[in-house]
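Visitor: Shown below is the structure under consideration.
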Amino acid sequence: MGELTVVSAKIPEEVYEELVLRVPDGERSNFIREAIVEKLREIPRPNKIFELEKKIGRLEADISRIKESLAELELLTYDKGRVNPHAFCTDNMDHKILDHLLHYKSATTSELADVLGTNRWLVLNRLRKIKKRSKKQLGNAIIEYYPGRKSGKMKAWWIADGLVET
């Protein structure tokens with residue numbers, strides 16, 4: 001142990017009385033010092049926490065690459081050519097967008113923005129990314145944009161027919 005520094009601490013009267021009863025007069029400083037050192041050993045250092053966060057980040061990236069590889073190998077597919085659409089989601093918002101599209105078969109960006117409580121540009125960017133990821137991994141997009149009128153909807157996003165397991 002290196003050089004010692006004086007520390008002052010306020011403790012409840014009951015704790016002090018227990019300390020006086022249990023620990024002899026000349027040993028109290030050593031007892032308190034050892035208790036602090038012992039407690040510090042239980043708490044991880046901040047640099048250890050930072051290292052663990054980096055490891056978790058790398059693990060998540062590795063898992064993402066494994067999922068992409070499995071999708072390319074079509075191991076994430078179901079029922080001959082049908083795909084789990086949630087395999088192309090990156091976060092909770094993407095899952096909510098796809099859940100809505102799977103339930104209603106289609107939606108405009110404005111409808112999705114209202115349901116999610118966000119702006120339509122964010123929803124539009126998410127839809128484009130889902131479309132791009134699915135097209136890259138499967139060769140076909142799991143969602144498609146139709147600018148005209150289709151089934152009473154104008155300028156809406158649709159779940160691709162026959163490709164997605166519902």
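Each chain in the structure tokens gets a letter, A, B and so on, in the order shown; residues start at 1 in every chain, and ligands are counted from 1 in the order they appear.
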From a DSSP calculation on the backbone, collect every residue of segment 39-113 of chain A in alpha helix (DSSP H) and output the set as an NGL selection string.

Guide: :A and (39-42 or 46-72 or 92-104 or 109-113)

Visitor: Set the distance at 10 Å and use only C-alpha atoms: which residues neighbour segment 115-125 of chain A once local chain neighbours fewer than 2 positions away are removed? I'd like the list as a ChimeraX atom specification.

Guide: /A:93-94,96-97,100,108-113,127-131,157

Visitor: Taking a cut-off of 12 Å and counting only C-alpha atoms, can you build a table that, for each residue of segment 93-120 of chain A near segment 149-152 of chain A, reports the nearest atom pair and how far apart they are in Å (one decimal), sorted by chain then residue number, as JSON lines?

Guide:
{"residue": "A:Tyr104", "atom": "CA", "partner": "A:Ser151", "partner_atom": "CA", "distance": 11.7}
{"residue": "A:Lys105", "atom": "CA", "partner": "A:Ser151", "partner_atom": "CA", "distance": 10.4}
{"residue": "A:Ser106", "atom": "CA", "partner": "A:Ser151", "partner_atom": "CA", "distance": 9.4}
{"residue": "A:Ala107", "atom": "CA", "partner": "A:Gly152", "partner_atom": "CA", "distance": 10.9}
{"residue": "A:Thr108", "atom": "CA", "partner": "A:Arg149", "partner_atom": "CA", "distance": 11.6}

Visitor: Just N, CA and C atoms for this one: save the residues we selected as a PDB file, in the first residue's frame.

Guide:
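New file out-v5.pdb:
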ATOM      1  N   TYR A 104     -51.758  -4.497 -41.741  1.00  0.00           N
ATOM      2  CA  TYR A 104     -52.656  -3.781 -42.652  1.00  0.00           C
ATOM      3  C   TYR A 104     -52.317  -3.976 -44.128  1.00  0.00           C
ATOM      4  N   LYS A 105     -51.242  -4.709 -44.432  1.00  0.00           N
ATOM      5  CA  LYS A 105     -50.782  -5.004 -45.792  1.00  0.00           C
ATOM      6  C   LYS A 105     -50.183  -3.801 -46.503  1.00  0.00           C
ATOM      7  N   SER A 106     -50.548  -2.575 -46.090  1.00  0.00           N
ATOM      8  CA  SER A 106     -49.988  -1.380 -46.715  1.00  0.00           C
ATOM      9  C   SER A 106     -50.163  -0.194 -45.779  1.00  0.00           C
ATOM     10  N   ALA A 107     -49.410   0.868 -46.074  1.00  0.00           N
ATOM     11  CA  ALA A 107     -49.535   2.110 -45.320  1.00  0.00           C
ATOM     12  C   ALA A 107     -48.753   3.198 -46.043  1.00  0.00           C
ATOM     13  N   THR A 108     -49.211   4.417 -45.883  1.00  0.00           N
ATOM     14  CA  THR A 108     -48.456   5.556 -46.396  1.00  0.00           C
ATOM     15  C   THR A 108     -47.447   5.962 -45.328  1.00  0.00           C
TER      16      THR A 108
END

Visitor: What is the distance between atom CA of Ile143 of chain A and atom CA of Leu59 of chain A, in Å to one decimal?

Guide: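 Between atom CA of Ile143 of chain A and atom CA of Leu59 of chain A the gap is 28.7 Å.
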
Visitor: What residues in chain A get the DSSP label strand (DSSP E or B)? Please answer as a list in words.

Guide: Thr77, Tyr78, Arg82, Val83, Ser106, Ala107, Ile143, Glu144, Tyr145, Tyr146, Pro147, Gly148, Arg149, Lys150, Lys153, Met154, Lys155, Ala156, Trp157, Trp158, Ile159 and Val164 of chain A

Visitor: What does the distance from atom CA of Gly2 of chain A to atom CA of Pro24 of chain A come to in Å, to one decimal?

Guide: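 Computing it gives 24.3 Å between the two atoms.
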
Visitor: One decimal, in Å: what's the spacing between atom CA of Val6 of chain A and atom CA of Leu21 of chain A?

Guide: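 According to the coordinates, atom CA of Val6 of chain A and atom CA of Leu21 of chain A are separated by 23.1 Å.
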
Visitor: Go through A:Lys135, A:Glu34, A:Arg126, A:Lys153 one by one, measure the shortest atom-to-atom distance of each to His95 of chain A using only C-alpha atoms, and give the residue with the smallest value.

Guide: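 Under the stated criterion, the closest residue is A:Arg126.
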
Visitor: Using only C-alpha atoms, which of A:Ser29, A:Ser134, A:Trp158, A:Lys55 sits nearest Asn84 of chain A?

Guide: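 Checking each candidate against Asn84 of chain A, we get A:Ser134 as the closest.
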
Visitor: For Val7 of chain A, work out the shell of residues within 12 Å, counting only C-alpha atoms and skipping chain neighbours fewer than 5 positions away, then give it as a list of chain:residue names.

Guide: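 Here the answer would be A:Ser29, A:Ile32, A:Arg33, A:Ile36.
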